[in-house]
Structures are given as C-alpha cells and as structure tokens.
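> For reference, this is final14.cif, and it has mmCIF, N, CA and C atoms and all ligand atoms.
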```
data_data
loop_
_atom_site.label_atom_id
_atom_site.label_comp_id
_atom_site.auth_asym_id
_atom_site.auth_seq_id
_atom_site.Cartn_x
_atom_site.Cartn_y
_atom_site.Cartn_z
N MET J 1 127.81 54.86 173.30
CA MET J 1 127.44 53.43 173.31
C MET J 1 126.26 53.21 172.36
N SER J 2 126.40 52.25 171.46
CA SER J 2 125.33 52.02 170.49
C SER J 2 124.21 51.21 171.12
N LYS J 3 123.01 51.63 170.86
CA LYS J 3 121.83 50.96 171.41
C LYS J 3 121.56 49.65 170.68
N ILE J 4 121.06 48.70 171.42
CA ILE J 4 120.62 47.46 170.80
C ILE J 4 119.10 47.51 170.69
N ARG J 5 118.62 47.35 169.49
CA ARG J 5 117.17 47.36 169.30
C ARG J 5 116.74 46.08 168.60
N LYS J 6 115.75 45.42 169.18
CA LYS J 6 115.22 44.20 168.58
C LYS J 6 113.71 44.28 168.60
N THR J 7 113.08 43.54 167.72
CA THR J 7 111.63 43.47 167.71
C THR J 7 111.17 42.57 168.85
N ASP J 8 109.91 42.66 169.20
CA ASP J 8 109.37 41.80 170.26
C ASP J 8 109.62 40.34 169.94
N ALA J 9 109.45 39.98 168.66
CA ALA J 9 109.64 38.58 168.26
C ALA J 9 111.09 38.15 168.47
N GLU J 10 112.01 39.06 168.19
CA GLU J 10 113.42 38.72 168.37
C GLU J 10 113.76 38.55 169.85
N TRP J 11 113.19 39.43 170.70
CA TRP J 11 113.44 39.28 172.14
C TRP J 11 112.82 37.98 172.64
N ARG J 12 111.63 37.67 172.18
CA ARG J 12 110.97 36.45 172.64
C ARG J 12 111.79 35.21 172.29
N ALA J 13 112.52 35.30 171.17
CA ALA J 13 113.31 34.15 170.72
C ALA J 13 114.50 33.87 171.63
N VAL J 14 114.99 34.90 172.32
CA VAL J 14 116.19 34.71 173.14
C VAL J 14 115.92 34.74 174.64
N LEU J 15 114.69 35.02 175.03
CA LEU J 15 114.35 35.11 176.45
C LEU J 15 113.28 34.08 176.80
N THR J 16 113.28 33.65 178.06
CA THR J 16 112.16 32.83 178.51
C THR J 16 110.95 33.73 178.67
N GLN J 17 109.78 33.12 178.84
CA GLN J 17 108.55 33.89 179.00
C GLN J 17 108.64 34.85 180.20
N GLU J 18 109.20 34.33 181.29
CA GLU J 18 109.34 35.12 182.51
C GLU J 18 110.34 36.27 182.30
N GLU J 19 111.47 35.97 181.66
CA GLU J 19 112.45 37.01 181.39
C GLU J 19 111.87 38.08 180.47
N TYR J 20 111.10 37.65 179.49
CA TYR J 20 110.49 38.61 178.56
C TYR J 20 109.49 39.50 179.31
N ARG J 21 108.67 38.89 180.13
CA ARG J 21 107.65 39.64 180.86
C ARG J 21 108.30 40.72 181.73
N ILE J 22 109.40 40.37 182.37
CA ILE J 22 110.04 41.30 183.29
C ILE J 22 110.87 42.35 182.55
N THR J 23 111.72 41.91 181.63
CA THR J 23 112.65 42.86 181.02
C THR J 23 112.01 43.72 179.93
N ARG J 24 111.06 43.16 179.20
CA ARG J 24 110.50 43.92 178.08
C ARG J 24 109.13 44.50 178.41
N GLU J 25 108.47 43.98 179.46
CA GLU J 25 107.13 44.48 179.81
C GLU J 25 107.11 45.04 181.23
N LYS J 26 108.28 45.35 181.77
CA LYS J 26 108.39 45.98 183.09
C LYS J 26 107.70 45.17 184.18
N GLY J 27 107.87 43.87 184.12
CA GLY J 27 107.29 43.01 185.15
C GLY J 27 108.17 42.94 186.37
N THR J 28 107.68 42.26 187.39
CA THR J 28 108.45 42.06 188.62
C THR J 28 108.30 40.61 189.03
N GLU J 29 109.42 39.96 189.31
CA GLU J 29 109.33 38.57 189.79
C GLU J 29 108.88 38.58 191.24
N ARG J 30 108.32 37.46 191.70
CA ARG J 30 107.90 37.37 193.09
C ARG J 30 109.13 37.46 194.00
N ALA J 31 108.96 38.13 195.14
CA ALA J 31 110.07 38.22 196.10
C ALA J 31 110.51 36.81 196.51
N PHE J 32 111.78 36.64 196.74
CA PHE J 32 112.37 35.38 197.18
C PHE J 32 112.19 34.25 196.17
N SER J 33 111.90 34.59 194.90
CA SER J 33 111.69 33.55 193.90
C SER J 33 112.82 33.47 192.89
N GLY J 34 113.62 34.53 192.77
CA GLY J 34 114.63 34.58 191.71
C GLY J 34 115.90 33.81 192.05
N ALA J 35 116.83 33.83 191.11
CA ALA J 35 118.05 33.05 191.26
C ALA J 35 119.09 33.74 192.14
N TYR J 36 118.99 35.06 192.31
CA TYR J 36 120.12 35.79 192.90
C TYR J 36 119.82 36.57 194.18
N TRP J 37 118.59 36.47 194.72
CA TRP J 37 118.29 37.27 195.92
C TRP J 37 119.09 36.81 197.12
N ARG J 38 119.40 35.52 197.17
CA ARG J 38 120.09 34.95 198.33
C ARG J 38 121.55 35.42 198.35
N PRO J 39 122.05 35.87 199.51
CA PRO J 39 123.46 36.26 199.58
C PRO J 39 124.33 35.03 199.35
N SER J 40 125.23 35.07 198.39
CA SER J 40 126.03 33.90 198.07
C SER J 40 127.51 34.11 198.33
N GLY J 41 127.94 35.36 198.35
CA GLY J 41 129.37 35.63 198.50
C GLY J 41 130.17 35.34 197.25
N ALA J 42 129.48 34.91 196.18
CA ALA J 42 130.20 34.61 194.94
C ALA J 42 130.74 35.89 194.32
N GLN J 43 131.99 35.82 193.89
CA GLN J 43 132.64 36.98 193.27
C GLN J 43 132.44 36.94 191.77
N GLY J 44 132.05 38.07 191.21
CA GLY J 44 131.86 38.13 189.76
C GLY J 44 131.02 39.32 189.38
N SER J 45 130.44 39.24 188.22
CA SER J 45 129.68 40.38 187.72
C SER J 45 128.30 39.94 187.26
N TYR J 46 127.37 40.86 187.35
CA TYR J 46 125.99 40.62 186.94
C TYR J 46 125.73 41.36 185.64
N HIS J 47 125.40 40.58 184.62
CA HIS J 47 125.23 41.13 183.28
C HIS J 47 123.75 41.27 182.94
N CYS J 48 123.46 42.17 182.00
CA CYS J 48 122.11 42.30 181.48
C CYS J 48 121.71 41.00 180.79
N ARG J 49 120.55 40.45 181.17
CA ARG J 49 120.10 39.19 180.59
C ARG J 49 119.84 39.33 179.09
N CYS J 50 119.49 40.55 178.70
CA CYS J 50 119.11 40.76 177.29
C CYS J 50 120.31 41.01 176.38
N CYS J 51 121.26 41.84 176.83
CA CYS J 51 122.33 42.24 175.91
C CYS J 51 123.72 41.88 176.41
N GLY J 52 123.85 41.40 177.65
CA GLY J 52 125.14 40.95 178.13
C GLY J 52 126.02 42.03 178.74
N GLU J 53 125.56 43.27 178.75
CA GLU J 53 126.33 44.36 179.33
C GLU J 53 126.55 44.13 180.82
N ILE J 54 127.77 44.44 181.33
CA ILE J 54 128.02 44.33 182.77
C ILE J 54 127.28 45.46 183.48
N LEU J 55 126.38 45.12 184.39
CA LEU J 55 125.57 46.14 185.06
C LEU J 55 125.98 46.34 186.52
N PHE J 56 126.26 45.24 187.21
CA PHE J 56 126.59 45.33 188.63
C PHE J 56 127.75 44.38 188.94
N ASP J 57 128.50 44.76 189.98
CA ASP J 57 129.60 43.92 190.43
C ASP J 57 129.21 43.28 191.76
N SER J 58 129.71 42.07 192.00
CA SER J 58 129.34 41.38 193.24
C SER J 58 129.78 42.16 194.47
N ASP J 59 130.82 43.01 194.34
CA ASP J 59 131.30 43.81 195.48
C ASP J 59 130.24 44.77 196.01
N SER J 60 129.31 45.18 195.14
CA SER J 60 128.29 46.14 195.57
C SER J 60 126.98 45.46 195.96
N LYS J 61 126.95 44.13 195.91
CA LYS J 61 125.73 43.39 196.27
C LYS J 61 125.65 43.27 197.78
N PHE J 62 124.47 43.44 198.32
CA PHE J 62 124.32 43.29 199.77
C PHE J 62 123.00 42.62 200.09
N ASP J 63 122.91 42.11 201.30
CA ASP J 63 121.71 41.39 201.73
C ASP J 63 120.71 42.37 202.31
N SER J 64 119.72 42.72 201.52
CA SER J 64 118.73 43.70 201.96
C SER J 64 117.55 43.04 202.65
N GLY J 65 117.43 41.71 202.47
CA GLY J 65 116.31 41.00 203.05
C GLY J 65 114.99 41.23 202.33
N CYS J 66 115.02 41.90 201.18
CA CYS J 66 113.78 42.26 200.50
C CYS J 66 113.32 41.18 199.52
N GLY J 67 114.17 40.19 199.24
CA GLY J 67 113.76 39.12 198.35
C GLY J 67 114.18 39.30 196.91
N TRP J 68 114.87 40.40 196.63
CA TRP J 68 115.44 40.62 195.31
C TRP J 68 116.93 40.94 195.47
N PRO J 69 117.74 40.60 194.46
CA PRO J 69 119.14 41.01 194.55
C PRO J 69 119.24 42.53 194.65
N SER J 70 120.06 42.99 195.59
CA SER J 70 120.17 44.42 195.86
C SER J 70 121.62 44.87 195.76
N PHE J 71 121.81 46.04 195.19
CA PHE J 71 123.15 46.58 194.98
C PHE J 71 123.19 48.03 195.44
N THR J 72 124.38 48.46 195.91
CA THR J 72 124.52 49.84 196.36
C THR J 72 124.81 50.79 195.21
N GLN J 73 125.37 50.23 194.11
CA GLN J 73 125.71 51.08 192.97
C GLN J 73 125.90 50.22 191.73
N PRO J 74 125.72 50.81 190.55
CA PRO J 74 125.99 50.06 189.31
C PRO J 74 127.49 49.94 189.07
N ALA J 75 127.87 48.98 188.23
CA ALA J 75 129.29 48.81 187.89
C ALA J 75 129.82 50.08 187.25
N ASP J 76 128.97 50.75 186.52
CA ASP J 76 129.34 51.99 185.85
C ASP J 76 128.05 52.78 185.65
N GLY J 77 128.07 54.03 186.08
CA GLY J 77 126.84 54.83 186.03
C GLY J 77 126.26 54.97 184.63
N SER J 78 127.11 54.84 183.62
CA SER J 78 126.61 55.02 182.26
C SER J 78 125.89 53.78 181.75
N ARG J 79 126.00 52.67 182.49
CA ARG J 79 125.41 51.42 182.02
C ARG J 79 123.91 51.34 182.28
N ILE J 80 123.45 52.19 183.20
CA ILE J 80 122.02 52.13 183.50
C ILE J 80 121.41 53.52 183.37
N GLU J 81 120.12 53.53 183.11
CA GLU J 81 119.36 54.78 183.06
C GLU J 81 118.29 54.72 184.12
N GLU J 82 117.98 55.90 184.65
CA GLU J 82 116.94 55.96 185.68
C GLU J 82 115.78 56.78 185.16
N HIS J 83 114.59 56.22 185.22
CA HIS J 83 113.38 56.88 184.74
C HIS J 83 112.38 57.02 185.88
N GLN J 84 111.65 58.11 185.85
CA GLN J 84 110.59 58.25 186.84
C GLN J 84 109.45 57.29 186.49
N ASP J 85 108.95 56.58 187.48
CA ASP J 85 107.90 55.59 187.28
C ASP J 85 106.74 55.92 188.22
N LEU J 86 105.62 56.32 187.62
CA LEU J 86 104.46 56.70 188.44
C LEU J 86 103.37 55.64 188.40
N SER J 87 103.71 54.42 187.94
CA SER J 87 102.70 53.38 187.84
C SER J 87 102.28 52.89 189.22
N TYR J 88 101.12 52.26 189.28
CA TYR J 88 100.58 51.69 190.52
C TYR J 88 100.40 52.74 191.62
N GLY J 89 100.25 54.03 191.22
CA GLY J 89 100.01 55.07 192.21
C GLY J 89 101.20 55.35 193.11
N MET J 90 102.40 54.88 192.69
CA MET J 90 103.59 55.11 193.50
C MET J 90 104.55 56.00 192.73
N GLN J 91 105.41 56.67 193.45
CA GLN J 91 106.44 57.48 192.82
C GLN J 91 107.76 56.74 193.01
N ARG J 92 108.21 56.09 191.95
CA ARG J 92 109.43 55.30 192.06
C ARG J 92 110.39 55.65 190.93
N VAL J 93 111.63 55.20 191.09
CA VAL J 93 112.62 55.39 190.03
C VAL J 93 112.89 54.03 189.40
N GLU J 94 112.54 53.93 188.12
CA GLU J 94 112.78 52.69 187.39
C GLU J 94 114.23 52.66 186.90
N VAL J 95 114.85 51.48 186.96
CA VAL J 95 116.22 51.32 186.48
C VAL J 95 116.18 50.45 185.23
N VAL J 96 116.78 50.95 184.14
CA VAL J 96 116.82 50.19 182.90
C VAL J 96 118.25 50.11 182.38
N CYS J 97 118.50 49.09 181.55
CA CYS J 97 119.80 48.94 180.89
C CYS J 97 119.91 50.03 179.83
N SER J 98 121.02 50.79 179.86
CA SER J 98 121.14 51.91 178.93
C SER J 98 121.40 51.43 177.50
N ARG J 99 121.82 50.17 177.37
CA ARG J 99 122.16 49.68 176.04
C ARG J 99 120.96 49.09 175.31
N CYS J 100 120.10 48.38 176.02
CA CYS J 100 118.99 47.71 175.33
C CYS J 100 117.63 48.05 175.93
N ASP J 101 117.61 48.96 176.90
CA ASP J 101 116.36 49.42 177.52
C ASP J 101 115.62 48.32 178.30
N ALA J 102 116.31 47.27 178.67
CA ALA J 102 115.67 46.24 179.49
C ALA J 102 115.27 46.81 180.84
N HIS J 103 114.06 46.49 181.27
CA HIS J 103 113.65 46.86 182.63
C HIS J 103 114.43 45.98 183.61
N LEU J 104 115.06 46.62 184.60
CA LEU J 104 115.87 45.87 185.56
C LEU J 104 115.20 45.80 186.93
N GLY J 105 114.68 46.92 187.38
CA GLY J 105 114.07 46.98 188.70
C GLY J 105 113.87 48.43 189.09
N HIS J 106 114.01 48.70 190.40
CA HIS J 106 113.79 50.06 190.88
C HIS J 106 114.92 50.48 191.82
N LEU J 107 115.07 51.79 191.95
CA LEU J 107 116.09 52.37 192.82
C LEU J 107 115.41 53.01 194.03
N PHE J 108 115.84 52.60 195.22
CA PHE J 108 115.28 53.14 196.45
C PHE J 108 116.39 53.82 197.26
N THR J 109 115.98 54.64 198.20
CA THR J 109 116.96 55.41 198.96
C THR J 109 117.10 54.91 200.39
N ASP J 110 116.80 53.60 200.59
CA ASP J 110 116.93 53.03 201.94
C ASP J 110 118.10 52.05 202.02
N GLY J 111 119.10 52.26 201.17
CA GLY J 111 120.27 51.37 201.17
C GLY J 111 121.22 51.68 202.31
N PRO J 112 122.27 50.87 202.44
CA PRO J 112 123.23 51.05 203.54
C PRO J 112 124.07 52.31 203.37
N GLU J 113 124.50 52.87 204.49
CA GLU J 113 125.42 54.01 204.48
C GLU J 113 126.77 53.56 203.92
N PRO J 114 127.60 54.43 203.33
CA PRO J 114 127.35 55.88 203.25
C PRO J 114 126.57 56.31 202.00
N ILE J 115 126.37 55.42 201.05
CA ILE J 115 125.73 55.84 199.80
C ILE J 115 124.22 55.98 199.99
N GLY J 116 123.66 55.02 200.71
CA GLY J 116 122.23 55.10 201.01
C GLY J 116 121.31 54.71 199.88
N LEU J 117 121.86 54.07 198.85
CA LEU J 117 121.01 53.67 197.72
C LEU J 117 120.84 52.16 197.68
N ARG J 118 119.68 51.73 197.19
CA ARG J 118 119.42 50.30 197.00
C ARG J 118 118.85 50.09 195.62
N TYR J 119 119.67 49.49 194.76
CA TYR J 119 119.20 49.09 193.44
C TYR J 119 118.56 47.72 193.60
N CYS J 120 117.25 47.69 193.53
CA CYS J 120 116.46 46.49 193.76
C CYS J 120 116.14 45.89 192.39
N ILE J 121 116.82 44.80 192.05
CA ILE J 121 116.85 44.32 190.67
C ILE J 121 116.24 42.91 190.58
N ASN J 122 115.51 42.66 189.52
CA ASN J 122 114.97 41.32 189.30
C ASN J 122 116.09 40.36 188.89
N SER J 123 116.10 39.19 189.51
CA SER J 123 117.08 38.16 189.10
C SER J 123 116.92 37.85 187.62
N ALA J 124 115.68 37.86 187.15
CA ALA J 124 115.41 37.48 185.76
C ALA J 124 116.00 38.48 184.77
N SER J 125 116.37 39.67 185.25
CA SER J 125 116.99 40.66 184.37
C SER J 125 118.49 40.51 184.31
N LEU J 126 119.02 39.60 185.16
CA LEU J 126 120.47 39.50 185.32
C LEU J 126 121.00 38.13 184.90
N GLN J 127 122.27 38.11 184.57
CA GLN J 127 122.98 36.85 184.33
C GLN J 127 124.31 36.97 185.05
N PHE J 128 124.54 36.10 186.03
CA PHE J 128 125.77 36.17 186.81
C PHE J 128 126.92 35.46 186.10
N ALA J 129 128.07 36.08 186.13
CA ALA J 129 129.27 35.45 185.59
C ALA J 129 130.34 35.50 186.65
N GLY J 130 130.74 34.35 187.18
CA GLY J 130 131.75 34.28 188.22
C GLY J 130 133.12 34.65 187.68
N LYS J 131 133.94 35.20 188.59
CA LYS J 131 135.32 35.50 188.19
C LYS J 131 136.04 34.19 187.88
N ALA J 132 136.86 34.22 186.87
CA ALA J 132 137.58 33.01 186.48
C ALA J 132 138.53 32.58 187.60
N GLU J 133 138.48 31.32 187.95
CA GLU J 133 139.40 30.81 188.97
C GLU J 133 140.82 30.81 188.40
N ARG J 134 141.78 31.19 189.25
CA ARG J 134 143.17 31.11 188.78
C ARG J 134 143.58 29.66 188.66
N ARG J 135 144.22 29.35 187.58
CA ARG J 135 144.63 27.96 187.36
C ARG J 135 146.01 27.72 187.95
N HIS J 136 146.11 26.72 188.80
CA HIS J 136 147.40 26.42 189.45
C HIS J 136 148.03 25.17 188.86
N SER J 137 147.39 24.58 187.89
CA SER J 137 147.83 23.27 187.41
C SER J 137 149.26 23.32 186.87
N ASP J 138 149.63 24.44 186.23
CA ASP J 138 150.98 24.53 185.68
C ASP J 138 152.02 24.45 186.80
N GLN J 139 151.78 25.23 187.89
CA GLN J 139 152.72 25.23 189.00
C GLN J 139 152.81 23.85 189.64
N GLU J 140 151.64 23.22 189.79
CA GLU J 140 151.61 21.91 190.42
C GLU J 140 152.44 20.92 189.62
N ASP J 141 152.36 21.05 188.30
CA ASP J 141 153.13 20.13 187.45
C ASP J 141 154.63 20.30 187.70
N GLU J 142 155.04 21.58 187.92
CA GLU J 142 156.46 21.83 188.16
C GLU J 142 156.93 21.12 189.42
N HIS J 143 156.10 21.22 190.49
CA HIS J 143 156.48 20.61 191.75
C HIS J 143 156.59 19.10 191.64
N LYS J 144 155.71 18.54 190.80
CA LYS J 144 155.69 17.07 190.67
C LYS J 144 157.00 16.53 190.09
N SER J 145 157.71 17.41 189.34
CA SER J 145 158.92 16.93 188.66
C SER J 145 160.10 16.75 189.63
N ASP J 146 159.91 17.15 190.92
CA ASP J 146 161.00 17.03 191.89
C ASP J 146 161.41 15.57 192.08
ZN ZN J 201 120.78 45.32 178.24
#
```
Mind turning the file's structure into structure tokens?


Amino acid sequence: MSKIRKTDAEWRAVLTQEEYRITREKGTERAFSGAYWRPSGAQGSYHCRCCGEILFDSDSKFDSGCGWPSFTQPADGSRIEEHQDLSYGMQRVEVVCSRCDAHLGHLFTDGPEPIGLRYCINSASLQFAGKAERRHSDQEDEHKSD
C-alpha cells in the first residue's frame, strides 16, 4: 500500500483546526463531544478523515460508554498500525492509519468478549459513509403498470 504524505500546510488545507489537531498532532477530542460516540445502529463504514481509507465497519462498533466511538476490530488489520505510546506517563497503544499516519486513537484491552479489544477512536479522525440504500423505484414502477 502506497503511503500518502502531505506537508503540514497541505493537511491544514483539507482539515478543520480540530481535525488537524487530533489527526496530525495526536490530539484527543473531549469525551462525548464527537460526532460518532453515540450508538446509532447505522450500517456502513468509517473512513480515515485524512485519506479516505476504510478503517472500521459499523458491525464492529459497540457502545462502550466511554464517550468515544469504540470498535472491537479494524475493517482490515493492515489498514491500521499500532505504536507504543508512553506520553502523559501512561503506557498505551496508539492507533494510526497505515496509509497516511493519521492519529486515530488508542487500543485498550477492556473490550467485549471474545476478542477483548477496544479501539477507542476520535470521531474527528473518522468519516462515516452509510451503506447505499437499495433502490426499489424500478420495481414499484412495474407494479404501477397493472
Ligand atoms: Zn489515513
């Protein structure tokens, strides 16, 4: 997979200030403040805000109550990288987009069984894309011709 590399100025041009702070400067949005922490039941995929790569599927999203969107697993293990993060005197695993190195959030081991993992991700690092609704209009038109 080819890496996407942009200068800070180029990232700033395509991201909001908050998105830039979180994805490019390893920031964290306030709990319960983002767009996706709330369980919605919406079916679709969560893409990297920076490069558009599919990172998580709605099927793996769960309500952790922590105030950030939480997932049990990535859509594909190769889409994310895990780095050791020793900042703030804590030992954590940072999760980044493998394609553009965007900071996504952290990985914890208090997720639901049987996997036991919780990918705790900033909403600002994600862009949700709902599954396309099936169009029934063609069939309906056929019935109307009766
Ligand atoms: Zn990315």

> Which residues form the shell of 9 Å around ligand ZN 201 (chain J) when you count only C-alpha atoms and all ligand atoms, given as a list in words?

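For ligand ZN 201 (chain J), the residues inside 9 Å are Lys3, Ile4, Thr23, His47, Cys48, Arg49, Cys50, Cys51, Gly52, Glu53, Ile54, Leu55, Arg79, Ile80, Val96, Cys97, Ser98, Arg99, Cys100, Asp101, Ala102, His103, Leu104 and Ser125 of chain J.
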
> Using DSSP secondary structure from the backbone, list all helix (DSSP H, G or I) positions within segment 5-141 of chain J, as an MDAnalysis selection string.

chainID J and resid 8:14 17:25 58:60 77:79 87:89 123:125 137:141

> By how many Å are atom CA of Leu117 of chain J and atom CA of Asp57 of chain J apart?

14.9 Å

> From the set J:Gln17, J:Ser78, J:Gln91, J:Thr72, which residue has the shortest atom-to-atom contact distance to Pro112 of chain J, counting only C-alpha atoms?

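The shortest atom-to-atom distance to Pro112 of chain J comes from J:Thr72.
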
> Show me, as a PyMOL selection string, the residues that have an atom within 8 Å of Asn122 of chain J when counting all atoms listed in the file, minus same-chain residues fewer than 5 positions from it.

chain J and resi 22+27-29+34-37+67-70+103-106+127

> As a PyMOL selection string, please: every residue in chain J that a backbone DSSP assignment puts in strand (DSSP E or B).

chain J and resi 44-48+54-57+61-62+70-71+80-85+92-97+103-108+118-121+126-130

> I need the residue nearest Ser58 of chain J from this list: J:Ser33, J:Thr109, J:Ser123, J:Gln43. Use all atoms listed in the file for the distance.

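Counting all atoms listed in the file, the residue closest to Ser58 of chain J is J:Gln43.
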
> Atom N of Arg24 of chain J to atom C of Gln84 of chain J: how many Å, to one decimal?

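Distance between the two atoms: 16.0 Å.
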
> Mind pulling up the distance from atom CA of Tyr119 of chain J to atom CA of Glu82 of chain J?

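Result for atom CA of Glu82 of chain J versus atom CA of Tyr119 of chain J: 10.6 Å, one decimal.
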
> Of the candidates J:Arg118, J:Arg92, J:Arg21, J:Lys131, which shows the shortest atom-to-atom distance to Ser64 of chain J, using only C-alpha atoms?

J:Arg118

> Which of these, J:Cys66, J:Ala75, J:Ala129, J:Ser87, has the shortest distance to Asp110 of chain J once you count only C-alpha atoms?

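Result for the nearest residue to Asp110 of chain J: J:Cys66.
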